[in-house]
Number of protein chains: 2
Amino acid sequence: MAPTRTETDLSFLLDHTGHVLRTRMAAALAEIGLTARMHCVLVHALEEERTQIQLAELGDMDKTTMVVTVDALEEAGLAERRPSGTDRRARIIAVTEKGAEVARRSQEIVDGVHRAALETLPEDEREVLVRALNRLVTGHLATPVEAPQPVRRARQRKK
Amino acid sequence: MAPTRTETDLSFLLDHTGHVLRTRMAAALAEIGLTARMHCVLVHALEEERTQIQLAELGDMDKTTMVVTVDALEEAGLAERRPSGTDRRARIIAVTEKGAEVARRSQEIVDGVHRAALETLPEDEREVLVRALNRLVTGHLATPVEAPQPVRRARQRKK
DNA sequence: TATTGTTATACTCTATAACTATA
DNA sequence: TATAGTTATAGAGTATAACAATA
């Protein structure tokens, strides 16, 4: 849904490039059975011992989305839920050996997809593009405007 | 759901900037009762006589999404469906006077949101950013990888 | 009382399929 | 037969509420 371009249509440029890159990434990761989210969780879980909530915050997802993602990782034998030693409510996401191997490969895939895109640009443009996007991400486009949250009917009580 | 940044995380940069810009745009257009899609249709319908299908293609939306969008425009008194003179199946989307006025304002809003973002960049970076994104949009990131379409059960027949 | 993780489910969005009327 | 527009609805994705166990 490309808006119009009377002037520079930054919306269209960011939406389109972002969307196409996302489809490329999804297709590339799908070849080893991963989604972008699974990759994200795997990598962060490898860095240090982290609970589901911590991983959810790092990946900017809801805790319920996290449940589904960890379910998928467990089913694929890439990670396991382990009780935390300090908080019996919490679960540490432990990456299996197979998971660590997959994470190494998926990181290569991610880097490769990014490199393939950036390599099509002249080197000077490439550098400035990344610098400008970083400036926007940390500056004017750092935080979303929060949408008015829709009212939600109460869930049916369990009988 | 930010992936990881071992190298330059182009996915994160494009997703995040695009997402935040979209929320800004939605909030700004909402003040005059428009969605981005309504704005898009309005502007293209103003340029020349166009049918719903033509407008749908220009805005990269499905024809069924177009129906909903035109419904909203009609209800707001910004556009009307008129029979085509040459094809009795087709409807021309005619922008009302009020619609033309709103489109002028919404285009100002859109340009303003874009300008506000770009103005936070040094002028040289700004130019190169736009040039680089345009290069990606017309080159390596021109067309999405099509996802394997999910199989869809047949709809219940009308009795 | 608050928080972690879970389940169930409400909502939004979008697109497919079937349908009607034309071509 | 194919196409423009419409309606109904399937399905994906996601987030909210309630819940159980624990802090």
# chains A, B, ... in the order shown; residues from 1 in each chain; ligands from 1
$ closest_atom_pairs --of "chain A" --to "chain B" --cutoff "8 Å" --atoms "only C-alpha atoms" --output "tab-separated table"
residue	atom	partner	partner_atom	distance
A:Met1	CA	B:Gly59	CA	4.6
A:Ala2	CA	B:Gly59	CA	5.2
A:Pro3	CA	B:Cys40	CA	5.0
A:Thr4	CA	B:Cys40	CA	6.1
A:Glu7	CA	B:Asp111	CA	6.7
A:Thr8	CA	B:His114	CA	7.6
A:Asp9	CA	B:His114	CA	7.2
A:Leu10	CA	B:His114	CA	6.1
A:Ser11	CA	B:Gly18	CA	6.8
A:Leu13	CA	B:Leu133	CA	6.1
A:Leu14	CA	B:Gly18	CA	5.1
A:Asp15	CA	B:Gly18	CA	5.6
A:His16	CA	B:Val137	CA	6.9
A:Thr17	CA	B:Leu141	CA	5.8
A:Gly18	CA	B:Leu14	CA	5.1
A:His19	CA	B:Pro144	CA	7.3
A:Val20	CA	B:Pro144	CA	4.5
A:Leu21	CA	B:Leu141	CA	6.6
A:Arg22	CA	B:Ser11	CA	7.1
A:Thr23	CA	B:Val145	CA	5.5
A:Arg24	CA	B:Val145	CA	5.8
A:Ala27	CA	B:Val145	CA	7.3
A:Ala36	CA	B:Pro3	CA	6.8
A:Arg37	CA	B:Met1	CA	6.7
A:His39	CA	B:Pro3	CA	7.3
A:Cys40	CA	B:Pro3	CA	4.9
A:Val43	CA	B:Thr4	CA	7.3
A:His44	CA	B:Thr4	CA	7.9
A:Leu58	CA	B:Ala2	CA	7.7
A:Gly59	CA	B:Met1	CA	4.5
A:Asp60	CA	B:Met1	CA	4.8
A:Met61	CA	B:Met1	CA	5.8
A:Asp111	CA	B:Glu7	CA	6.7
A:His114	CA	B:Leu10	CA	6.1
A:Ala117	CA	B:His140	CA	6.3
A:Thr120	CA	B:His140	CA	6.9
A:Leu121	CA	B:Ala132	CA	6.9
A:Glu125	CA	B:Val128	CA	6.1
A:Arg126	CA	B:Ala132	CA	7.3
A:Val128	CA	B:Glu125	CA	6.1
A:Leu129	CA	B:Leu129	CA	4.9
A:Val130	CA	B:Leu10	CA	7.7
A:Ala132	CA	B:Glu125	CA	6.1
A:Leu133	CA	B:Leu13	CA	6.1
A:Asn134	CA	B:Leu13	CA	6.8
A:Arg135	CA	B:Leu121	CA	7.5
A:Leu136	CA	B:Thr17	CA	6.9
A:Val137	CA	B:Thr17	CA	6.0
A:His140	CA	B:Ala117	CA	6.3
A:Leu141	CA	B:Val20	CA	5.7
A:Ala142	CA	B:Val20	CA	7.2
A:Thr143	CA	B:Val20	CA	6.3
A:Pro144	CA	B:Val20	CA	4.5
A:Val145	CA	B:Thr23	CA	5.5
A:Glu146	CA	B:Thr23	CA	7.4
A:Ala147	CA	B:Thr23	CA	7.5
$ interface_residues --of "chain C" --to "chain A" --cutoff "8 Å" --atoms "only C-alpha atoms (C1' of nucleotides)" --output "number ranges by chain"
C: 4-6, 9-10
$ calpha_fit_and_write --fixed "chain A" --moving "chain B" --output "short mmCIF file (atom, residue, chain, number, x, y, z; two decimals) with N, CA and C atoms, in the first residue's frame"
data_model
loop_
_atom_site.label_atom_id
_atom_site.label_comp_id
_atom_site.auth_asym_id
_atom_site.auth_seq_id
_atom_site.Cartn_x
_atom_site.Cartn_y
_atom_site.Cartn_z
N MET B 1 0.79 -1.23 -0.07
CA MET B 1 -0.06 -0.03 -0.03
C MET B 1 0.81 1.21 -0.03
N ALA B 2 1.43 1.46 -1.17
CA ALA B 2 2.34 2.58 -1.28
C ALA B 2 1.57 3.91 -1.31
N PRO B 3 1.84 4.77 -0.34
CA PRO B 3 1.29 6.13 -0.41
C PRO B 3 1.86 6.86 -1.63
N THR B 4 1.70 8.14 -1.71
CA THR B 4 2.04 8.85 -2.93
C THR B 4 3.37 9.57 -2.86
N ARG B 5 3.92 9.86 -4.01
CA ARG B 5 5.23 10.49 -4.04
C ARG B 5 5.22 11.82 -4.78
N THR B 6 4.68 12.81 -4.09
CA THR B 6 4.78 14.16 -4.63
C THR B 6 6.19 14.65 -4.32
N GLU B 7 6.58 14.47 -3.05
CA GLU B 7 7.95 14.74 -2.66
C GLU B 7 8.63 13.38 -2.46
N THR B 8 9.66 13.37 -1.68
CA THR B 8 10.31 12.10 -1.36
C THR B 8 9.38 11.27 -0.50
N ASP B 9 9.05 10.08 -0.96
CA ASP B 9 8.13 9.26 -0.18
C ASP B 9 8.91 8.30 0.70
N LEU B 10 9.36 8.84 1.83
CA LEU B 10 10.17 8.05 2.75
C LEU B 10 9.40 6.83 3.25
N SER B 11 8.09 6.99 3.47
CA SER B 11 7.28 5.86 3.92
C SER B 11 7.38 4.70 2.95
N PHE B 12 7.19 5.00 1.68
CA PHE B 12 7.25 3.95 0.67
C PHE B 12 8.63 3.31 0.65
N LEU B 13 9.66 4.11 0.69
CA LEU B 13 11.03 3.58 0.62
C LEU B 13 11.32 2.64 1.78
N LEU B 14 10.98 3.06 2.99
CA LEU B 14 11.27 2.22 4.17
C LEU B 14 10.37 0.99 4.20
N ASP B 15 9.09 1.18 3.90
CA ASP B 15 8.16 0.05 3.92
C ASP B 15 8.57 -1.00 2.90
N HIS B 16 8.82 -0.54 1.69
CA HIS B 16 9.10 -1.49 0.62
C HIS B 16 10.41 -2.23 0.84
N THR B 17 11.46 -1.51 1.13
CA THR B 17 12.75 -2.18 1.37
C THR B 17 12.65 -3.11 2.56
N GLY B 18 12.01 -2.65 3.61
CA GLY B 18 11.86 -3.48 4.81
C GLY B 18 11.07 -4.73 4.52
N HIS B 19 9.98 -4.57 3.79
CA HIS B 19 9.12 -5.71 3.48
C HIS B 19 9.85 -6.74 2.64
N VAL B 20 10.50 -6.30 1.59
CA VAL B 20 11.19 -7.23 0.70
C VAL B 20 12.33 -7.92 1.43
N LEU B 21 13.07 -7.16 2.21
CA LEU B 21 14.17 -7.77 2.97
C LEU B 21 13.63 -8.82 3.93
N ARG B 22 12.47 -8.55 4.53
CA ARG B 22 11.87 -9.50 5.47
C ARG B 22 11.48 -10.80 4.76
N THR B 23 10.93 -10.68 3.55
CA THR B 23 10.58 -11.90 2.82
C THR B 23 11.83 -12.69 2.44
N ARG B 24 12.90 -11.98 2.05
CA ARG B 24 14.15 -12.67 1.74
C ARG B 24 14.68 -13.39 2.97
N MET B 25 14.65 -12.71 4.09
CA MET B 25 15.18 -13.27 5.32
C MET B 25 14.36 -14.49 5.74
N ALA B 26 13.05 -14.36 5.68
CA ALA B 26 12.18 -15.48 6.06
C ALA B 26 12.45 -16.69 5.19
N ALA B 27 12.60 -16.47 3.89
CA ALA B 27 12.84 -17.57 2.97
C ALA B 27 14.19 -18.22 3.25
N ALA B 28 15.19 -17.41 3.52
CA ALA B 28 16.54 -17.95 3.77
C ALA B 28 16.58 -18.74 5.07
N LEU B 29 15.94 -18.21 6.11
CA LEU B 29 15.95 -18.92 7.40
C LEU B 29 15.07 -20.17 7.36
N ALA B 30 14.02 -20.12 6.56
CA ALA B 30 13.12 -21.28 6.46
C ALA B 30 13.85 -22.51 5.96
N GLU B 31 14.92 -22.29 5.22
CA GLU B 31 15.66 -23.44 4.68
C GLU B 31 16.30 -24.28 5.78
N ILE B 32 16.54 -23.68 6.94
CA ILE B 32 17.04 -24.50 8.04
C ILE B 32 15.97 -24.60 9.14
N GLY B 33 14.73 -24.34 8.76
CA GLY B 33 13.61 -24.56 9.68
C GLY B 33 13.42 -23.51 10.75
N LEU B 34 13.96 -22.33 10.55
CA LEU B 34 13.83 -21.28 11.57
C LEU B 34 12.96 -20.12 11.08
N THR B 35 12.35 -19.44 12.05
CA THR B 35 11.74 -18.13 11.78
C THR B 35 12.71 -17.08 12.32
N ALA B 36 12.46 -15.82 11.97
CA ALA B 36 13.32 -14.75 12.45
C ALA B 36 13.29 -14.71 13.97
N ARG B 37 12.12 -14.95 14.53
CA ARG B 37 11.99 -14.92 15.99
C ARG B 37 12.78 -16.03 16.65
N MET B 38 12.71 -17.21 16.08
CA MET B 38 13.46 -18.32 16.65
C MET B 38 14.96 -17.99 16.62
N HIS B 39 15.41 -17.47 15.52
CA HIS B 39 16.82 -17.07 15.41
C HIS B 39 17.19 -16.07 16.50
N CYS B 40 16.34 -15.08 16.64
CA CYS B 40 16.56 -14.01 17.61
C CYS B 40 16.69 -14.56 19.02
N VAL B 41 15.76 -15.42 19.40
CA VAL B 41 15.77 -16.00 20.75
C VAL B 41 17.01 -16.88 20.94
N LEU B 42 17.30 -17.67 19.95
CA LEU B 42 18.44 -18.58 20.02
C LEU B 42 19.73 -17.81 20.31
N VAL B 43 19.95 -16.76 19.55
CA VAL B 43 21.20 -16.00 19.68
C VAL B 43 21.30 -15.32 21.04
N HIS B 44 20.20 -14.73 21.48
CA HIS B 44 20.23 -14.05 22.78
C HIS B 44 20.35 -15.04 23.94
N ALA B 45 19.76 -16.22 23.77
CA ALA B 45 19.83 -17.22 24.83
C ALA B 45 21.24 -17.80 24.93
N LEU B 46 21.96 -17.76 23.84
CA LEU B 46 23.33 -18.28 23.82
C LEU B 46 24.29 -17.36 24.56
N GLU B 47 24.01 -16.06 24.48
CA GLU B 47 24.93 -15.08 25.06
C GLU B 47 25.10 -15.26 26.56
N GLU B 48 23.97 -15.49 27.26
CA GLU B 48 24.06 -15.74 28.69
C GLU B 48 22.76 -16.37 29.17
N GLU B 49 22.71 -16.81 30.42
CA GLU B 49 21.50 -17.40 30.97
C GLU B 49 20.40 -16.37 31.04
N ARG B 50 19.30 -16.65 30.32
CA ARG B 50 18.22 -15.68 30.32
C ARG B 50 16.88 -16.37 30.46
N THR B 51 15.95 -15.68 31.12
CA THR B 51 14.60 -16.20 31.29
C THR B 51 13.76 -15.81 30.08
N GLN B 52 12.57 -16.39 29.99
CA GLN B 52 11.69 -16.10 28.87
C GLN B 52 11.36 -14.61 28.80
N ILE B 53 11.09 -14.04 29.97
CA ILE B 53 10.71 -12.62 29.98
C ILE B 53 11.87 -11.75 29.51
N GLN B 54 13.06 -12.08 29.94
CA GLN B 54 14.22 -11.30 29.49
C GLN B 54 14.40 -11.41 27.98
N LEU B 55 14.21 -12.62 27.46
CA LEU B 55 14.35 -12.82 26.03
C LEU B 55 13.23 -12.11 25.27
N ALA B 56 12.05 -12.10 25.85
CA ALA B 56 10.93 -11.43 25.21
C ALA B 56 11.21 -9.93 25.08
N GLU B 57 11.76 -9.34 26.15
CA GLU B 57 12.08 -7.91 26.10
C GLU B 57 13.14 -7.61 25.06
N LEU B 58 14.16 -8.44 25.02
CA LEU B 58 15.24 -8.23 24.05
C LEU B 58 14.72 -8.30 22.61
N GLY B 59 13.79 -9.20 22.38
CA GLY B 59 13.28 -9.37 21.02
C GLY B 59 12.04 -8.54 20.76
N ASP B 60 11.65 -7.73 21.73
CA ASP B 60 10.47 -6.88 21.62
C ASP B 60 9.22 -7.67 21.25
N MET B 61 9.00 -8.77 21.97
CA MET B 61 7.77 -9.52 21.74
C MET B 61 7.01 -9.70 23.05
N ASP B 62 5.74 -10.03 22.93
CA ASP B 62 4.92 -10.28 24.09
C ASP B 62 5.34 -11.61 24.72
N LYS B 63 5.10 -11.76 26.02
CA LYS B 63 5.49 -13.01 26.68
C LYS B 63 4.70 -14.20 26.14
N THR B 64 3.47 -13.94 25.65
CA THR B 64 2.68 -15.05 25.10
C THR B 64 3.23 -15.48 23.73
N THR B 65 3.74 -14.53 22.99
CA THR B 65 4.39 -14.87 21.72
C THR B 65 5.66 -15.65 22.00
N MET B 66 6.31 -15.29 23.11
CA MET B 66 7.53 -15.98 23.52
C MET B 66 7.24 -17.45 23.81
N VAL B 67 6.13 -17.73 24.45
CA VAL B 67 5.76 -19.11 24.76
C VAL B 67 5.72 -19.94 23.49
N VAL B 68 5.05 -19.42 22.47
CA VAL B 68 4.93 -20.12 21.20
C VAL B 68 6.30 -20.34 20.56
N THR B 69 7.13 -19.32 20.63
CA THR B 69 8.46 -19.40 20.01
C THR B 69 9.32 -20.44 20.72
N VAL B 70 9.28 -20.45 22.04
CA VAL B 70 10.06 -21.44 22.80
C VAL B 70 9.51 -22.84 22.56
N ASP B 71 8.18 -22.96 22.46
CA ASP B 71 7.58 -24.26 22.12
C ASP B 71 8.19 -24.79 20.82
N ALA B 72 8.29 -23.92 19.83
CA ALA B 72 8.83 -24.33 18.53
C ALA B 72 10.30 -24.74 18.66
N LEU B 73 11.05 -23.98 19.43
CA LEU B 73 12.48 -24.30 19.61
C LEU B 73 12.65 -25.64 20.33
N GLU B 74 11.81 -25.90 21.32
CA GLU B 74 11.89 -27.16 22.05
C GLU B 74 11.54 -28.33 21.13
N GLU B 75 10.46 -28.14 20.37
CA GLU B 75 10.01 -29.20 19.49
C GLU B 75 11.06 -29.55 18.45
N ALA B 76 11.83 -28.54 18.04
CA ALA B 76 12.89 -28.77 17.06
C ALA B 76 14.17 -29.26 17.73
N GLY B 77 14.14 -29.36 19.05
CA GLY B 77 15.32 -29.85 19.76
C GLY B 77 16.46 -28.85 19.81
N LEU B 78 16.13 -27.56 19.70
CA LEU B 78 17.17 -26.54 19.66
C LEU B 78 17.38 -25.85 21.00
N ALA B 79 16.38 -25.96 21.88
CA ALA B 79 16.48 -25.31 23.19
C ALA B 79 15.62 -26.08 24.19
N GLU B 80 15.88 -25.81 25.47
CA GLU B 80 15.10 -26.46 26.53
C GLU B 80 14.76 -25.46 27.62
N ARG B 81 13.62 -25.69 28.25
CA ARG B 81 13.27 -24.89 29.42
C ARG B 81 13.89 -25.55 30.64
N ARG B 82 14.65 -24.78 31.41
CA ARG B 82 15.21 -25.32 32.65
C ARG B 82 14.79 -24.42 33.80
N PRO B 83 14.50 -25.02 34.95
CA PRO B 83 14.12 -24.19 36.10
C PRO B 83 15.27 -23.28 36.49
N SER B 84 14.93 -22.05 36.84
CA SER B 84 15.95 -21.12 37.32
C SER B 84 16.39 -21.55 38.70
N GLY B 85 17.64 -21.37 39.02
CA GLY B 85 18.15 -21.75 40.33
C GLY B 85 17.70 -20.80 41.42
N THR B 86 17.37 -19.57 41.02
CA THR B 86 17.08 -18.55 42.01
C THR B 86 15.61 -18.19 42.12
N ASP B 87 14.82 -18.49 41.08
CA ASP B 87 13.40 -18.11 41.09
C ASP B 87 12.60 -19.27 40.52
N ARG B 88 11.84 -19.92 41.39
CA ARG B 88 11.17 -21.14 40.94
C ARG B 88 10.00 -20.89 39.99
N ARG B 89 9.63 -19.61 39.80
CA ARG B 89 8.61 -19.31 38.80
C ARG B 89 9.22 -19.26 37.39
N ALA B 90 10.49 -18.89 37.34
CA ALA B 90 11.12 -18.57 36.05
C ALA B 90 11.77 -19.77 35.39
N ARG B 91 11.85 -19.71 34.04
CA ARG B 91 12.52 -20.74 33.27
C ARG B 91 13.68 -20.13 32.50
N ILE B 92 14.83 -20.78 32.61
CA ILE B 92 15.98 -20.40 31.80
C ILE B 92 15.87 -21.13 30.47
N ILE B 93 16.10 -20.40 29.37
CA ILE B 93 16.09 -21.06 28.07
C ILE B 93 17.52 -21.48 27.75
N ALA B 94 17.74 -22.81 27.79
CA ALA B 94 19.07 -23.36 27.54
C ALA B 94 19.13 -23.86 26.10
N VAL B 95 20.13 -23.40 25.38
CA VAL B 95 20.30 -23.82 23.98
C VAL B 95 21.02 -25.16 23.95
N THR B 96 20.50 -26.10 23.20
CA THR B 96 21.15 -27.41 23.08
C THR B 96 22.37 -27.31 22.17
N GLU B 97 23.12 -28.39 22.10
CA GLU B 97 24.28 -28.37 21.21
C GLU B 97 23.84 -28.17 19.77
N LYS B 98 22.80 -28.91 19.40
CA LYS B 98 22.25 -28.76 18.05
C LYS B 98 21.80 -27.32 17.84
N GLY B 99 21.18 -26.74 18.88
CA GLY B 99 20.71 -25.36 18.79
C GLY B 99 21.85 -24.38 18.56
N ALA B 100 22.96 -24.61 19.24
CA ALA B 100 24.11 -23.73 19.09
C ALA B 100 24.66 -23.80 17.68
N GLU B 101 24.68 -25.02 17.15
CA GLU B 101 25.16 -25.21 15.78
C GLU B 101 24.23 -24.50 14.79
N VAL B 102 22.93 -24.67 14.98
CA VAL B 102 21.96 -24.01 14.11
C VAL B 102 22.08 -22.49 14.22
N ALA B 103 22.29 -22.00 15.42
CA ALA B 103 22.39 -20.55 15.62
C ALA B 103 23.60 -19.99 14.88
N ARG B 104 24.67 -20.76 14.85
CA ARG B 104 25.86 -20.32 14.13
C ARG B 104 25.53 -20.18 12.64
N ARG B 105 24.84 -21.18 12.13
CA ARG B 105 24.48 -21.15 10.73
C ARG B 105 23.47 -20.04 10.42
N SER B 106 22.49 -19.89 11.32
CA SER B 106 21.46 -18.88 11.05
C SER B 106 22.06 -17.47 11.10
N GLN B 107 23.04 -17.28 11.97
CA GLN B 107 23.68 -15.97 12.02
C GLN B 107 24.43 -15.70 10.71
N GLU B 108 25.02 -16.73 10.17
CA GLU B 108 25.69 -16.59 8.86
C GLU B 108 24.67 -16.23 7.78
N ILE B 109 23.52 -16.89 7.85
CA ILE B 109 22.47 -16.62 6.86
C ILE B 109 22.01 -15.17 6.96
N VAL B 110 21.76 -14.74 8.19
CA VAL B 110 21.30 -13.36 8.40
C VAL B 110 22.33 -12.37 7.88
N ASP B 111 23.58 -12.57 8.28
CA ASP B 111 24.63 -11.66 7.81
C ASP B 111 24.73 -11.68 6.29
N GLY B 112 24.58 -12.88 5.73
CA GLY B 112 24.68 -13.01 4.28
C GLY B 112 23.59 -12.24 3.55
N VAL B 113 22.36 -12.33 4.05
CA VAL B 113 21.25 -11.61 3.42
C VAL B 113 21.48 -10.11 3.49
N HIS B 114 21.96 -9.65 4.64
CA HIS B 114 22.24 -8.22 4.78
C HIS B 114 23.38 -7.80 3.86
N ARG B 115 24.42 -8.61 3.83
CA ARG B 115 25.58 -8.27 3.01
C ARG B 115 25.19 -8.20 1.54
N ALA B 116 24.38 -9.18 1.11
CA ALA B 116 23.97 -9.22 -0.29
C ALA B 116 23.25 -7.94 -0.70
N ALA B 117 22.43 -7.41 0.22
CA ALA B 117 21.71 -6.18 -0.08
C ALA B 117 22.67 -4.98 -0.10
N LEU B 118 23.50 -4.89 0.92
CA LEU B 118 24.38 -3.73 1.05
C LEU B 118 25.45 -3.70 -0.04
N GLU B 119 25.84 -4.88 -0.49
CA GLU B 119 26.90 -4.93 -1.51
C GLU B 119 26.45 -4.39 -2.86
N THR B 120 25.13 -4.25 -3.05
CA THR B 120 24.68 -3.71 -4.33
C THR B 120 24.82 -2.19 -4.36
N LEU B 121 25.23 -1.61 -3.22
CA LEU B 121 25.38 -0.15 -3.16
C LEU B 121 26.87 0.22 -3.28
N PRO B 122 27.14 1.37 -3.87
CA PRO B 122 28.51 1.89 -3.84
C PRO B 122 28.95 2.06 -2.39
N GLU B 123 30.22 1.85 -2.13
CA GLU B 123 30.67 1.79 -0.74
C GLU B 123 30.35 3.05 0.07
N ASP B 124 30.49 4.21 -0.54
CA ASP B 124 30.23 5.44 0.20
C ASP B 124 28.75 5.55 0.56
N GLU B 125 27.88 5.18 -0.39
CA GLU B 125 26.45 5.22 -0.11
C GLU B 125 26.08 4.27 1.01
N ARG B 126 26.70 3.11 0.95
CA ARG B 126 26.43 2.07 1.94
C ARG B 126 26.70 2.59 3.35
N GLU B 127 27.85 3.18 3.52
CA GLU B 127 28.23 3.70 4.84
C GLU B 127 27.27 4.77 5.33
N VAL B 128 26.96 5.70 4.44
CA VAL B 128 26.09 6.81 4.83
C VAL B 128 24.68 6.30 5.12
N LEU B 129 24.21 5.34 4.32
CA LEU B 129 22.88 4.76 4.55
C LEU B 129 22.79 4.23 5.97
N VAL B 130 23.75 3.42 6.34
CA VAL B 130 23.73 2.82 7.67
C VAL B 130 23.84 3.89 8.76
N ARG B 131 24.68 4.88 8.53
CA ARG B 131 24.84 5.94 9.52
C ARG B 131 23.54 6.72 9.67
N ALA B 132 22.90 7.04 8.55
CA ALA B 132 21.67 7.82 8.59
C ALA B 132 20.54 7.03 9.27
N LEU B 133 20.42 5.75 8.93
CA LEU B 133 19.37 4.93 9.55
C LEU B 133 19.62 4.81 11.06
N ASN B 134 20.86 4.65 11.44
CA ASN B 134 21.18 4.59 12.86
C ASN B 134 20.82 5.89 13.57
N ARG B 135 21.06 6.98 12.87
CA ARG B 135 20.73 8.28 13.46
C ARG B 135 19.22 8.39 13.67
N LEU B 136 18.44 7.93 12.70
CA LEU B 136 16.99 7.99 12.83
C LEU B 136 16.50 7.06 13.94
N VAL B 137 17.09 5.86 14.00
CA VAL B 137 16.67 4.87 14.99
C VAL B 137 16.93 5.35 16.42
N THR B 138 17.99 6.08 16.60
CA THR B 138 18.31 6.55 17.95
C THR B 138 17.74 7.94 18.20
N GLY B 139 17.27 8.59 17.13
CA GLY B 139 16.78 9.95 17.29
C GLY B 139 15.30 10.11 17.03
N HIS B 140 14.97 10.73 15.90
CA HIS B 140 13.60 11.12 15.62
C HIS B 140 12.65 9.93 15.47
N LEU B 141 13.16 8.81 15.01
CA LEU B 141 12.30 7.64 14.84
C LEU B 141 12.61 6.56 15.88
N ALA B 142 12.94 6.99 17.08
CA ALA B 142 13.29 6.03 18.13
C ALA B 142 12.05 5.32 18.68
N THR B 143 11.02 6.09 19.02
CA THR B 143 9.88 5.47 19.69
C THR B 143 8.58 5.67 18.94
N PRO B 144 7.82 4.58 18.79
CA PRO B 144 6.53 4.63 18.10
C PRO B 144 5.54 5.52 18.85
N VAL B 145 4.65 6.15 18.11
CA VAL B 145 3.51 6.81 18.72
C VAL B 145 2.55 5.70 19.12
N GLU B 146 2.16 5.67 20.38
CA GLU B 146 1.30 4.57 20.78
C GLU B 146 -0.11 4.78 20.26
N ALA B 147 -0.65 3.71 19.65
CA ALA B 147 -2.00 3.77 19.12
C ALA B 147 -2.99 3.73 20.27
N PRO B 148 -4.16 4.37 20.12
CA PRO B 148 -5.21 4.29 21.13
C PRO B 148 -5.63 2.84 21.29
N GLN B 149 -5.37 2.25 22.47
CA GLN B 149 -5.62 0.81 22.59
C GLN B 149 -7.11 0.49 22.53
N PRO B 150 -7.45 -0.49 21.70
CA PRO B 150 -8.85 -0.89 21.54
C PRO B 150 -9.37 -1.51 22.83
N VAL B 151 -10.62 -1.23 23.16
CA VAL B 151 -11.22 -1.82 24.35
C VAL B 151 -11.44 -3.31 24.09
N ARG B 152 -11.24 -4.09 25.11
CA ARG B 152 -11.29 -5.54 24.93
C ARG B 152 -12.29 -6.18 25.87
N ARG B 153 -13.19 -6.95 25.30
CA ARG B 153 -14.18 -7.61 26.14
C ARG B 153 -13.51 -8.62 27.03
N ALA B 154 -14.07 -8.84 28.22
CA ALA B 154 -13.51 -9.82 29.15
C ALA B 154 -13.61 -11.21 28.55
N ARG B 155 -12.63 -12.02 28.88
CA ARG B 155 -12.61 -13.39 28.38
C ARG B 155 -13.66 -14.19 29.13
N GLN B 156 -14.18 -15.25 28.47
CA GLN B 156 -15.14 -16.13 29.15
C GLN B 156 -14.45 -16.81 30.32
N ARG B 157 -15.02 -16.70 31.50
CA ARG B 157 -14.45 -17.36 32.69
C ARG B 157 -14.43 -18.87 32.53
N LYS B 158 -13.36 -19.47 33.01
CA LYS B 158 -13.32 -20.93 33.03
C LYS B 158 -14.35 -21.38 34.06
N LYS B 159 -15.20 -22.37 33.75
CA LYS B 159 -16.26 -22.78 34.67
C LYS B 159 -15.67 -23.71 35.74
#
$ select_by_dssp --residues "stretch 9-76 of chain A" --states "alpha helix (DSSP H)" --output "MDAnalysis selection string"
chainID A and resid 10:30 36:47 52:58 63:75
$ atom_distance --atom1 "atom C1' of C:DT16" --atom2 "atom C1' of D:DA2"
18.2 Å
$ interface_residues --of "chain D" --to "chain A" --cutoff "9 Å" --atoms "only C-alpha atoms (C1' of nucleotides)" --output "list of chain:residue names"
D:DT14, D:DA15, D:DT16, D:DA17, D:DA18, D:DC19, D:DA21, D:DT22, D:DA23
$ select_by_dssp --residues "stretch 20-143 of chain B" --states "strand (DSSP E)" --output "ChimeraX atom specification"
/B:79-83,91-95
$ atom_distance --atom1 "atom C1' of D:DG13" --atom2 "atom C1' of C:DA17"
21.4 Å
$ atom_distance --atom1 "atom C1' of D:DG11" --atom2 "atom C1' of C:DC11"
13.3 Å
